[in-house]
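In what follows, a structure is listed as structure tokens, so that the remarks can point back to it.
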There are 4 protein chains.
Amino acid sequence: MAKTLTLSFSCPDTTGIVAAVSGFITQHRGWITEASQHSEVELSRFFMRVEINAESLDFPAEKFSQHFSPLAQQFKMEWKVSDSTQPKRVIVLCSKQEHCLYDLLARYVAQDFAFVIPCVISNHENHRKVVEAHGLPFFHIPITPENKAAAFQKMSEIFRQEKADLIVLARYMQVLDPRLCQEFAGKIINIHHSFLPSFAGAKPYHQAHEKGVKLIGATCHYVTADLDEGPIVEQDVIRVDHSENPEDMAHLGKDIEKVVLARGLRAVVEDRVLLAGNKTVVFR
Amino acid sequence: MAKTLTLSFSCPDTTGIVAAVSGFITQHRGWITEASQHSEVELSRFFMRVEINAESLDFPAEKFSQHFSPLAQQFKMEWKVSDSTQPKRVIVLCSKQEHCLYDLLARYVAQDFAFVIPCVISNHENHRKVVEAHGLPFFHIPITPENKAAAFQKMSEIFRQEKADLIVLARYMQVLDPRLCQEFAGKIINIHHSFLPSFAGAKPYHQAHEKGVKLIGATCHYVTADLDEGPIVEQDVIRVDHSENPEDMAHLGKDIEKVVLARGLRAVVEDRVLLAGNKTVVFR
Amino acid sequence: MAKTLTLSFSCPDTTGIVAAVSGFITQHRGWITEASQHSEVELSRFFMRVEINAESLDFPAEKFSQHFSPLAQQFKMEWKVSDSTQPKRVIVLCSKQEHCLYDLLARYVAQDFAFVIPCVISNHENHRKVVEAHGLPFFHIPITPENKAAAFQKMSEIFRQEKADLIVLARYMQVLDPRLCQEFAGKIINIHHSFLPSFAGAKPYHQAHEKGVKLIGATCHYVTADLDEGPIVEQDVIRVDHSENPEDMAHLGKDIEKVVLARGLRAVVEDRVLLAGNKTVVFR
Amino acid sequence: MAKTLTLSFSCPDTTGIVAAVSGFITQHRGWITEASQHSEVELSRFFMRVEINAESLDFPAEKFSQHFSPLAQQFKMEWKVSDSTQPKRVIVLCSKQEHCLYDLLARYVAQDFAFVIPCVISNHENHRKVVEAHGLPFFHIPITPENKAAAFQKMSEIFRQEKADLIVLARYMQVLDPRLCQEFAGKIINIHHSFLPSFAGAKPYHQAHEKGVKLIGATCHYVTADLDEGPIVEQDVIRVDHSENPEDMAHLGKDIEKVVLARGLRAVVEDRVLLAGNKTVVFR
């Protein structure tokens with residue numbers, strides 16, 4: 001695979017942004033391999049993502065930030081640039097359920113997209129063997145009402161030590177400490193087993209069954225201190241009918257939970273997701 | 001098409017129901033062309049729907065009720081039987097928007113399923129020509145704060161006069177009078193332009209856009225006095241992203257609104273929908 | 001709605017195209033409201049579509065071609081520009097079936113996207129009333145083995161007279177004359193009732209039933225002299241099972257046929273579809 | 001979970017089958033928890049599947065066959081009965097790709113449905129660790145042009161030794177020996193990475209890309225000696241567009257391959273799939 005730089009930014013909307021950015025790249029002989037843009041009218045804000053063949057540029061990849069900075073300042077951009085040769089570091093948190101963890105492990109061994117798993121953390125022991133079979137460290141950090149603060153403190157240390165770019169709650173069944181949410185804001189994504197905003201909180205499949213809906217869903221979203229209220233990254237649904245009880249729904253739902261989480265994670269890892277207030281811009 | 005009798009019922013759950021019903025049909029030489037059943041565990045209630053080739057029976061179709069009555073009483077069934085040669089009478093209510101009305105008219109001219117439209121009622125004039133081109137009566141009944149009671153009174157008279165089996169709100173933009181809902185309970189279905197229970201009430205696409213969901217939906221449900229709270233018959237969704245504003249969503253949403261309404265209507269017309277508390281059993 | 005110019009083009013791939021095009025627009029103070037691009041690696045060809053707020057430009061909309069020409073020549077573009085105030089002229093051809101016709105009529109009265117219907121042509125009489133109820137001319141041109149050449153000759157005259165931008169085969173059940181296909185190449189789209197390349201030709205639902213597939217599909221494609229082989233614009237499927245016979249499939253299939261045709265038509269009308277060999281680039 | 005007997009059969013169609021079967025069950029005080037039926041008109045054949053609460057019967061579960069036999073003979077049934085306490089034995093064959101294997105392992109550890117994996121066989125070594133981490137035997141049986149006959153001979157021995165109820169080709173990239181197909185006819189299912197009948201054979205994603213389809217699919221089917229021609233059990237598709245090359249499609253396709261295979265496997269394991277000529281009846 002060719003080495004790629006991915007530039008993503010948002011800035012106040014005005015004319016000439018695309019011309020300036022593409023002009024800058026052209027001037028440095030850069031080859032754009034993918035580009036997407038969006039104007040968010042309510043926010044008067046412009047969003048863009050550009051993939052550039054790193055070897056086509058007339059300066060080394062690590063100098064991109066330095067060269068691009070003046071333009072970024074001129075347009076008051078919030079921006080970042082990622083280098084495809086440096087995969088994102090994604091820590092996986094899980095509990096007893098297996099489906100999201102196995103799915104992420106499979107994508108990791110196949111390198112379906114550019115991420116590594118520095119370690120897996122669980123409040124249960126049951127997945128130690130499968131994780132360690134991949135040569136990955138497994139931390140068992142049980143959560144009890146008494147040790148909660150200490151446990152989350154320990155996690156936060158691991159996140160920092162491992163230089164996590166992202167933390168993924170792969171059906172992790174504990175509510176994260178608000179301080180953790182704050183410290184790693186914009187870096188934690190969760191999979192909730194309902195089509196939010198319906199059925200937030202506990203036992204969403206029971207809520208869905210109670211209501212008699214004909215589709216059940218899953219939502220990948222950023223974690224904020226407000227439970228199940230963070231910006232939505234990805235969602236999907238599958239069909240159910242009267243014959244499925246909440247346990248059947250929980251079984252069927254696994255298939256969308258894991259796929260929705262993986263699609264959301266991939267988009268975040270590839271810098272396709274930009275925050276726009278309490279919503280997201282997700283470039284395909 | 002062969003003449004068909006459709007028997008549908010629910011009753012307290014116990015052993016021997018299927019044996020008794022199929023035994024009764026076999027004893028009268030009836031040929032079952034389709035059968036579905038369901039036990040609702042929470043309600044300890046059994047639901048069944050059977051299609052019988054009417055000509056295979058050893059008594060005339062119109063005598064079915066008389067012959068079946070004793071069995072129905074024995075199992076304390078709520079039941080009905082429909083004759084395929086007597087299409088259901090479905091009154092359509094619409095407002096300015098065209099998509100559900102045109103869709104229903106197309107299905108009516110093709111006789112996609114067994115229904116007739118005795119008349120169309122609208123609070124606007126704009127669809128008179130297309131309705132009348134089909135030889136169908138069109139009633140313009142405007143709704144104002146002042147004439148509301150009288151208008152709904154008039155509608156209720158039409159419903160009775162036309163012996164409506166069903167009333168379909170095909171994006172009818174007025175909230176029905178609670179008395180009307182009561183009088184025609186179990187006979188009125190609506191299409192709501194969201195994936196209920198999310199975004200009930202006014203302007204669901206604006207609510208969806210505000211929340212940043214990645215799918216928008218439509219829900220066909222029975223109308224009760226509680227707005228958008230009646231039993232759900234059918235739902236579906238389509239994908240949206242950050243680039244769609246509420247108007248775009250409203251345009252895209254039309255395609256699922258009309259299909260979901262039609263699928264729901266078809267199921268009701270074919271006696272595939274049985275009420276189970278505030279939920280529905282919908283046999284495929 | 002703001003007046004919009006839509007520029008779409010393809011050209012040999014090289015660096016600097018986006019910079020040049022966006023530079024040109026910026027230099028003339030143009031406001032880009034939407035932009036998409038694609039590099040087709042096998043063809044070494046670049047595709048782009050840009051929507052510009054026409055009133056933001058420092059020259060009148062009708063001068064766009066004149067100003068843009070030198071750039072287009074420099075990059076050897078195949079290009080066109082469309083003005084949102086001049087809706088595309090779309091002639092609809094249909095036969096006995098109603099669903100695609102009604103669907104298009106509904107979209108036309110709602111002006112869901114920018115098109116007008118100069119006339120409807122059918123080889124049957126049955127839809128005259130509904131078409132004329134919309135104030136649209138209806139031409140009944142029966143096709144028999146004897147009159148075929150003359151009939152298609154007459155159609156071709158109507159196409160030219162009415163200055164058709166597009167001809168839509170809305171379940172038109174006659175194979176078009178190859179000369180017609182040639183003369184209006186790139187201007188005729190069809191809906192085929194299968195998921196091509198499976199089940200091309202006659203009776204696709206029977207073929208699907210015979211094969212026992214679990215999904216049935218519909219395909220919107222450009223018409224070429226090779227039956228059902230033209231570039232694919234849009235496709236979709238729905239679920240079936242063993243209980244559906246070919247007639248049931250034909251009923252169910254209508255719902256995707258009309259939606260797939262409409263989505264394909266909309267994309268073509270909005271200049272979102274660019275030909276790339278025997279394939280299409282379809283910008284969302 | 002309650003102990004369940006699942007009776008499934010097909011027989012020549014006639015009146016009275018349901019009455020006889022449900023009468024038999026009722027007479028022995030059996031509680032039917034699920035029932036489905038289908039008449040295949042072309043074959044004049046009737047298909048049925050019934051789940052019975054095993055403890056409700058007035059004879060022990062292992063005597064069911066003995067009691068039911070006379071009825072089965074009377075209606076000339078092909079039938080079998082399965083006991084939920086005896087999970088099906090499913091041997092998994094895989095190659096280098098991981099997604100289907102990991103997905104099946106996850107379902108196995110969760111016991112999403114009633115199956116065990118006696119062993120995993122692969123023509124590559126790379127998945128040994130993850131398989132053995134589950135305490136499952138892993139056999140590495142490489143396939144070369146020279147050793148082919150011996151290798152398949154060895155597999156066939158393992159199948160017999162392990163009393164395999166089913167063999168699942170989880171993206172196993174070797175064409176099975178026809179004798180193996182014959183010996184284990186009706187016991188081998190495969191996942192093919194296209195929406196069959198389109199794109200059978202090698203490199204289906206390349207074929208799909210070449211054709212420019214807008215959806216890609218996956219098909220779970222029984223393996224017969226005719227490559228990719230066996231009866232279809234389950235299919236699904238996902239959306240692609242011009243921007244995906246064959247490698248992108250191969251990545252995206254994994255998500256439907258594994259889900260379609262798992263849904264197909266589950267249906268087969270739960271005796272929901274009955275063969276009807278070269279097609280299948282799949283009861284939900």
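Residues are named by chain letter and number: chains run A, B, ... in the order of the structure tokens, numbers start at 1 in each chain, and ligands are numbered from 1 in the order shown.
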Tell me which protein, DNA and RNA residues are within 10 Å of Pro87 of chain C, counting only C-alpha atoms, leaving out same-chain ones fewer than 6 positions away, and put them as a ChimeraX atom specification. /C:111,113-117,165,269-270
Taking only C-alpha atoms into account, what are the residues of chain C at most 8 Å from chain A, put as a PDB file with N, CA and C atoms, in the first residue's frame?
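iface12.pdb was written with the following content:
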```pdb
ATOM      1  N   THR C  15      -2.366  15.635 -11.867  1.00  0.00           N
ATOM      2  CA  THR C  15      -2.452  16.512 -10.688  1.00  0.00           C
ATOM      3  C   THR C  15      -2.974  17.885 -11.096  1.00  0.00           C
ATOM      4  N   GLY C  16      -3.575  18.566 -10.147  1.00  0.00           N
ATOM      5  CA  GLY C  16      -3.924  19.969 -10.359  1.00  0.00           C
ATOM      6  C   GLY C  16      -5.307  20.221 -10.907  1.00  0.00           C
ATOM      7  N   VAL C  18      -8.402  19.582  -9.522  1.00  0.00           N
ATOM      8  CA  VAL C  18      -9.255  20.190  -8.509  1.00  0.00           C
ATOM      9  C   VAL C  18      -8.798  21.617  -8.215  1.00  0.00           C
ATOM     10  N   ALA C  19      -7.491  21.788  -8.107  1.00  0.00           N
ATOM     11  CA  ALA C  19      -6.969  23.124  -7.829  1.00  0.00           C
ATOM     12  C   ALA C  19      -7.362  24.093  -8.934  1.00  0.00           C
ATOM     13  N   ALA C  20      -7.255  23.663 -10.185  1.00  0.00           N
ATOM     14  CA  ALA C  20      -7.578  24.542 -11.305  1.00  0.00           C
ATOM     15  C   ALA C  20      -9.062  24.884 -11.320  1.00  0.00           C
ATOM     16  N   VAL C  21      -9.917  23.860 -11.133  1.00  0.00           N
ATOM     17  CA  VAL C  21     -11.359  24.091 -11.204  1.00  0.00           C
ATOM     18  C   VAL C  21     -11.826  24.940 -10.025  1.00  0.00           C
ATOM     19  N   SER C  22     -11.381  24.576  -8.819  1.00  0.00           N
ATOM     20  CA  SER C  22     -11.835  25.350  -7.664  1.00  0.00           C
ATOM     21  C   SER C  22     -11.195  26.745  -7.691  1.00  0.00           C
ATOM     22  N   GLY C  23      -9.987  26.838  -8.219  1.00  0.00           N
ATOM     23  CA  GLY C  23      -9.358  28.147  -8.370  1.00  0.00           C
ATOM     24  C   GLY C  23     -10.160  29.041  -9.308  1.00  0.00           C
ATOM     25  N   THR C  26     -13.319  30.165  -7.510  1.00  0.00           N
ATOM     26  CA  THR C  26     -13.001  31.149  -6.464  1.00  0.00           C
ATOM     27  C   THR C  26     -12.655  32.506  -7.064  1.00  0.00           C
ATOM     28  N   ARG C  29     -15.437  34.419  -7.652  1.00  0.00           N
ATOM     29  CA  ARG C  29     -16.212  34.630  -6.428  1.00  0.00           C
ATOM     30  C   ARG C  29     -17.352  33.624  -6.272  1.00  0.00           C
ATOM     31  N   GLY C  30     -17.230  32.473  -6.943  1.00  0.00           N
ATOM     32  CA  GLY C  30     -18.293  31.467  -6.887  1.00  0.00           C
ATOM     33  C   GLY C  30     -18.300  30.720  -5.564  1.00  0.00           C
ATOM     34  N   TRP C  31     -19.503  30.356  -5.117  1.00  0.00           N
ATOM     35  CA  TRP C  31     -19.682  29.627  -3.869  1.00  0.00           C
ATOM     36  C   TRP C  31     -20.042  28.180  -4.227  1.00  0.00           C
ATOM     37  N   ILE C  32     -19.141  27.245  -3.889  1.00  0.00           N
ATOM     38  CA  ILE C  32     -19.387  25.825  -4.169  1.00  0.00           C
ATOM     39  C   ILE C  32     -20.288  25.260  -3.087  1.00  0.00           C
ATOM     40  N   THR C  33     -21.444  24.713  -3.477  1.00  0.00           N
ATOM     41  CA  THR C  33     -22.359  24.183  -2.457  1.00  0.00           C
ATOM     42  C   THR C  33     -22.257  22.661  -2.333  1.00  0.00           C
ATOM     43  N   GLU C  34     -21.652  22.019  -3.312  1.00  0.00           N
ATOM     44  CA  GLU C  34     -21.479  20.571  -3.237  1.00  0.00           C
ATOM     45  C   GLU C  34     -20.391  20.189  -4.223  1.00  0.00           C
ATOM     46  N   ALA C  35     -19.540  19.243  -3.875  1.00  0.00           N
ATOM     47  CA  ALA C  35     -18.489  18.811  -4.801  1.00  0.00           C
ATOM     48  C   ALA C  35     -18.159  17.348  -4.552  1.00  0.00           C
ATOM     49  N   SER C  36     -17.961  16.610  -5.636  1.00  0.00           N
ATOM     50  CA  SER C  36     -17.588  15.196  -5.533  1.00  0.00           C
ATOM     51  C   SER C  36     -16.576  14.901  -6.628  1.00  0.00           C
ATOM     52  N   GLN C  37     -15.719  13.937  -6.366  1.00  0.00           N
ATOM     53  CA  GLN C  37     -14.705  13.606  -7.363  1.00  0.00           C
ATOM     54  C   GLN C  37     -14.337  12.144  -7.259  1.00  0.00           C
ATOM     55  N   HIS C  38     -13.773  11.618  -8.326  1.00  0.00           N
ATOM     56  CA  HIS C  38     -13.391  10.199  -8.350  1.00  0.00           C
ATOM     57  C   HIS C  38     -12.319   9.973  -9.406  1.00  0.00           C
ATOM     58  N   SER C  39     -11.322   9.177  -9.034  1.00  0.00           N
ATOM     59  CA  SER C  39     -10.322   8.739 -10.016  1.00  0.00           C
ATOM     60  C   SER C  39     -10.587   7.291 -10.362  1.00  0.00           C
TER      61      SER C  39
END
```
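Nearest residue to Gly201 of chain A, choosing from A:Leu176, A:Ala276, A:Leu227, A:Cys119 and counting only C-alpha atoms: A:Leu227.
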Neighbours of Gln66 of chain C within 12 Å (only C-alpha atoms; same-chain residues fewer than 6 positions away dropped), as number ranges by chain? C: 59-60, 72-73, 80-81
Could those residues be written to a file, using N, CA, C and O atoms, as a PDB file, in the first residue's frame?
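This is the output file selection-v8.pdb:
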```pdb
ATOM      1  N   PHE C  59     -20.090  36.671 -13.069  1.00  0.00           N
ATOM      2  CA  PHE C  59     -20.601  36.801 -14.446  1.00  0.00           C
ATOM      3  C   PHE C  59     -21.953  36.102 -14.491  1.00  0.00           C
ATOM      4  O   PHE C  59     -22.263  35.279 -13.623  1.00  0.00           O
ATOM      5  N   PRO C  60     -22.797  36.418 -15.476  1.00  0.00           N
ATOM      6  CA  PRO C  60     -24.119  35.790 -15.542  1.00  0.00           C
ATOM      7  C   PRO C  60     -24.009  34.298 -15.855  1.00  0.00           C
ATOM      8  O   PRO C  60     -23.078  33.886 -16.563  1.00  0.00           O
ATOM      9  N   ALA C  72     -11.452  23.787 -19.700  1.00  0.00           N
ATOM     10  CA  ALA C  72     -11.930  22.487 -20.169  1.00  0.00           C
ATOM     11  C   ALA C  72     -11.035  21.950 -21.271  1.00  0.00           C
ATOM     12  O   ALA C  72     -10.704  20.756 -21.309  1.00  0.00           O
ATOM     13  N   GLN C  73     -10.637  22.821 -22.161  1.00  0.00           N
ATOM     14  CA  GLN C  73      -9.763  22.393 -23.261  1.00  0.00           C
ATOM     15  C   GLN C  73      -8.384  21.997 -22.760  1.00  0.00           C
ATOM     16  O   GLN C  73      -7.809  20.993 -23.187  1.00  0.00           O
ATOM     17  N   LYS C  80     -20.227  19.132 -19.129  1.00  0.00           N
ATOM     18  CA  LYS C  80     -21.439  19.903 -19.376  1.00  0.00           C
ATOM     19  C   LYS C  80     -21.802  20.680 -18.129  1.00  0.00           C
ATOM     20  O   LYS C  80     -21.354  20.387 -17.020  1.00  0.00           O
ATOM     21  N   VAL C  81     -22.606  21.712 -18.352  1.00  0.00           N
ATOM     22  CA  VAL C  81     -23.069  22.514 -17.223  1.00  0.00           C
ATOM     23  C   VAL C  81     -24.587  22.629 -17.331  1.00  0.00           C
ATOM     24  O   VAL C  81     -25.127  22.796 -18.424  1.00  0.00           O
TER      25      VAL C  81
END
```
Taking the DSSP assignment computed from this structure's backbone, write out as a VMD selection string all residues of segment 58-248 of chain D that belong to alpha helix (DSSP H). chain D and resid 64 to 74 99 to 110 128 to 132 148 to 161 178 to 183 204 to 211 246 to 248
Using only C-alpha atoms, which of the listed residues (B:Ser82, B:Gln74, B:Thr6, B:Thr219) sits closest to Pro231 of chain B?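 Closest to Pro231 of chain B, using only C-alpha atoms: B:Thr219.
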Contacts of Val130 of chain B at 7 Å (only C-alpha atoms; same-chain gap of 3+ positions) as a list in words: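 Selected residues are His127, Ala133 and His134 of chain B; Val130 and Ala133 of chain C.
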For the structure I just gave you, how does DSSP split segment 149-264 of chain A - specifically, which residues are strand (DSSP E or B)? Reply as a ChimeraX atom specification. /A:166-169,188-192,215-222,232-239
Interatomic distance between atom CA of Arg107 of chain C and atom CA of Leu275 of chain C?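 Atom-to-atom, atom CA of Arg107 of chain C to atom CA of Leu275 of chain C, that is 25.1 Å.
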Computed interatomic separation between atom CA of Glu78 of chain B and atom CA of Phe64 of chain B (Å):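 Between atom CA of Glu78 of chain B and atom CA of Phe64 of chain B the gap works out to 15.3 Å.
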Could you pull the residues within 10 Å of Ile191 of chain B, counting only C-alpha atoms, minus those fewer than 3 positions along the same chain, as a short mmCIF file (atom, residue, chain, number, x, y, z; two decimals) with N, CA, C and O atoms, in the first residue's frame?
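Writing the result to selection.cif gives the following:
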```cif
data_model
loop_
_atom_site.label_atom_id
_atom_site.label_comp_id
_atom_site.auth_asym_id
_atom_site.auth_seq_id
_atom_site.Cartn_x
_atom_site.Cartn_y
_atom_site.Cartn_z
N CYS B 100 -48.32 8.96 -0.81
CA CYS B 100 -49.06 7.80 -0.31
C CYS B 100 -50.35 7.61 -1.11
O CYS B 100 -50.74 6.48 -1.43
N VAL B 168 -57.65 4.76 6.16
CA VAL B 168 -56.19 4.90 6.08
C VAL B 168 -55.81 6.37 6.04
O VAL B 168 -56.24 7.10 5.14
N LEU B 169 -54.99 6.79 6.99
CA LEU B 169 -54.49 8.16 6.98
C LEU B 169 -53.21 8.19 6.16
O LEU B 169 -52.14 7.81 6.63
N ALA B 170 -53.36 8.62 4.91
CA ALA B 170 -52.26 8.56 3.95
C ALA B 170 -51.53 9.90 3.95
O ALA B 170 -51.57 10.64 2.99
N ARG B 171 -50.84 10.16 5.06
CA ARG B 171 -50.22 11.48 5.34
C ARG B 171 -51.29 12.55 5.48
O ARG B 171 -51.12 13.67 5.00
N TYR B 172 -52.36 12.19 6.21
CA TYR B 172 -53.41 13.15 6.55
C TYR B 172 -52.90 13.98 7.71
O TYR B 172 -52.51 13.41 8.76
N SER B 194 -41.59 8.70 11.18
CA SER B 194 -40.39 8.45 11.98
C SER B 194 -40.40 6.99 12.40
O SER B 194 -41.42 6.31 12.28
N ALA B 218 -40.08 5.16 9.06
CA ALA B 218 -41.51 5.37 8.95
C ALA B 218 -42.20 4.23 9.68
O ALA B 218 -41.69 3.11 9.72
N THR B 219 -43.36 4.54 10.27
CA THR B 219 -44.08 3.57 11.09
C THR B 219 -45.56 3.57 10.72
O THR B 219 -46.20 4.62 10.74
N CYS B 220 -46.08 2.41 10.39
CA CYS B 220 -47.52 2.26 10.19
C CYS B 220 -48.11 1.70 11.49
O CYS B 220 -47.64 0.68 11.99
N HIS B 221 -49.11 2.38 12.02
CA HIS B 221 -49.66 1.97 13.32
C HIS B 221 -51.16 2.22 13.37
O HIS B 221 -51.69 3.04 12.62
N TYR B 222 -51.81 1.50 14.26
CA TYR B 222 -53.22 1.76 14.51
C TYR B 222 -53.36 3.10 15.21
O TYR B 222 -52.52 3.48 16.03
N VAL B 223 -54.43 3.80 14.88
CA VAL B 223 -54.68 5.10 15.51
C VAL B 223 -55.52 4.88 16.76
O VAL B 223 -56.54 4.20 16.73
N ASP B 228 -49.79 8.93 18.05
CA ASP B 228 -48.59 8.15 17.65
C ASP B 228 -48.22 7.07 18.66
O ASP B 228 -47.05 6.66 18.74
N ILE B 232 -48.03 -0.85 16.75
CA ILE B 232 -47.22 -0.73 15.53
C ILE B 232 -47.47 -1.94 14.62
O ILE B 232 -47.42 -3.08 15.08
N VAL B 233 -47.72 -1.68 13.34
CA VAL B 233 -47.98 -2.75 12.37
C VAL B 233 -46.73 -3.03 11.53
O VAL B 233 -46.38 -4.18 11.28
N GLU B 234 -46.06 -1.97 11.10
CA GLU B 234 -44.92 -2.16 10.18
C GLU B 234 -44.00 -0.95 10.27
O GLU B 234 -44.46 0.17 10.52
N GLN B 235 -42.71 -1.18 10.07
CA GLN B 235 -41.72 -0.10 10.11
C GLN B 235 -40.61 -0.39 9.12
O GLN B 235 -40.33 -1.53 8.79
N ILE B 256 -40.04 5.51 1.89
CA ILE B 256 -40.39 4.48 2.86
C ILE B 256 -41.78 4.70 3.43
O ILE B 256 -42.47 3.75 3.76
N GLU B 257 -42.21 5.94 3.56
CA GLU B 257 -43.56 6.17 4.08
C GLU B 257 -44.59 5.40 3.25
O GLU B 257 -45.44 4.68 3.78
N LYS B 258 -44.51 5.56 1.94
CA LYS B 258 -45.54 4.95 1.11
C LYS B 258 -45.45 3.43 1.11
O LYS B 258 -46.47 2.74 1.11
N VAL B 259 -44.25 2.91 1.13
CA VAL B 259 -44.09 1.46 1.10
C VAL B 259 -44.50 0.84 2.44
O VAL B 259 -45.16 -0.19 2.49
N VAL B 260 -44.12 1.48 3.53
CA VAL B 260 -44.47 0.97 4.85
C VAL B 260 -45.99 1.02 5.05
O VAL B 260 -46.60 0.08 5.55
N LEU B 261 -46.60 2.12 4.62
CA LEU B 261 -48.06 2.22 4.73
C LEU B 261 -48.73 1.11 3.92
O LEU B 261 -49.65 0.43 4.39
N ALA B 262 -48.26 0.92 2.71
CA ALA B 262 -48.88 -0.09 1.84
C ALA B 262 -48.69 -1.50 2.39
O ALA B 262 -49.61 -2.31 2.35
N GLY B 264 -48.27 -2.27 5.52
CA GLY B 264 -49.14 -2.37 6.70
C GLY B 264 -50.59 -2.57 6.30
O GLY B 264 -51.29 -3.44 6.83
N LEU B 265 -51.04 -1.77 5.33
CA LEU B 265 -52.43 -1.87 4.87
C LEU B 265 -52.70 -3.26 4.32
O LEU B 265 -53.72 -3.88 4.64
#
```
Separation of atom CA of Phe75 of chain A from atom CA of Leu7 of chain A in Å: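 Between atom CA of Leu7 of chain A and atom CA of Phe75 of chain A the gap works out to 14.5 Å.
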Excluding Arg160 of chain C and any residue of its chain fewer than 5 positions from it, enumerate the residues within 12 Å of it, using only C-alpha atoms, and give them as a short mmCIF file (atom, residue, chain, number, x, y, z; two decimals) with N, CA, C and O atoms, in the first residue's frame.
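What landed in selection39.cif:
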```cif
data_model
loop_
_atom_site.label_atom_id
_atom_site.label_comp_id
_atom_site.auth_asym_id
_atom_site.auth_seq_id
_atom_site.Cartn_x
_atom_site.Cartn_y
_atom_site.Cartn_z
N ARG C 89 -36.19 17.61 -19.49
CA ARG C 89 -37.41 17.16 -20.17
C ARG C 89 -37.37 15.63 -20.29
O ARG C 89 -36.57 15.09 -21.05
N VAL C 90 -38.23 14.96 -19.57
CA VAL C 90 -38.19 13.50 -19.44
C VAL C 90 -39.47 12.87 -20.01
O VAL C 90 -40.55 13.00 -19.45
N ILE C 91 -39.34 12.19 -21.15
CA ILE C 91 -40.49 11.50 -21.74
C ILE C 91 -40.61 10.10 -21.11
O ILE C 91 -39.62 9.39 -20.99
N PRO C 118 -42.82 16.08 -20.81
CA PRO C 118 -43.47 16.66 -22.00
C PRO C 118 -44.65 15.80 -22.46
O PRO C 118 -45.65 16.32 -22.94
N GLN C 153 -40.34 4.91 -35.52
CA GLN C 153 -40.07 6.13 -36.26
C GLN C 153 -40.85 7.29 -35.67
O GLN C 153 -40.32 8.37 -35.42
N LYS C 154 -42.11 7.03 -35.38
CA LYS C 154 -42.98 8.06 -34.81
C LYS C 154 -42.46 8.50 -33.43
O LYS C 154 -42.43 9.69 -33.12
N MET C 155 -42.07 7.53 -32.64
CA MET C 155 -41.53 7.86 -31.31
C MET C 155 -40.31 8.75 -31.43
O MET C 155 -40.17 9.74 -30.72
N ASP C 165 -34.59 15.49 -23.05
CA ASP C 165 -33.27 15.27 -22.47
C ASP C 165 -33.10 13.81 -22.11
O ASP C 165 -31.98 13.29 -22.13
N LEU C 166 -34.20 13.18 -21.74
CA LEU C 166 -34.16 11.80 -21.29
C LEU C 166 -35.43 11.07 -21.69
O LEU C 166 -36.51 11.67 -21.72
N ILE C 167 -35.29 9.77 -21.95
CA ILE C 167 -36.45 8.91 -22.16
C ILE C 167 -36.38 7.81 -21.10
O ILE C 167 -35.35 7.16 -20.94
N LEU C 180 -33.06 3.47 -32.64
CA LEU C 180 -33.50 4.39 -31.61
C LEU C 180 -32.47 4.44 -30.48
O LEU C 180 -32.10 5.51 -29.98
N GLU C 183 -29.51 6.43 -31.78
CA GLU C 183 -29.75 7.87 -31.94
C GLU C 183 -29.81 8.58 -30.60
O GLU C 183 -29.35 9.71 -30.46
N PHE C 184 -30.39 7.90 -29.59
CA PHE C 184 -30.57 8.55 -28.29
C PHE C 184 -29.65 7.92 -27.23
O PHE C 184 -29.99 7.85 -26.05
N LYS C 187 -29.24 8.62 -23.41
CA LYS C 187 -30.41 9.41 -23.03
C LYS C 187 -31.59 8.53 -22.65
O LYS C 187 -32.66 9.04 -22.34
#
```
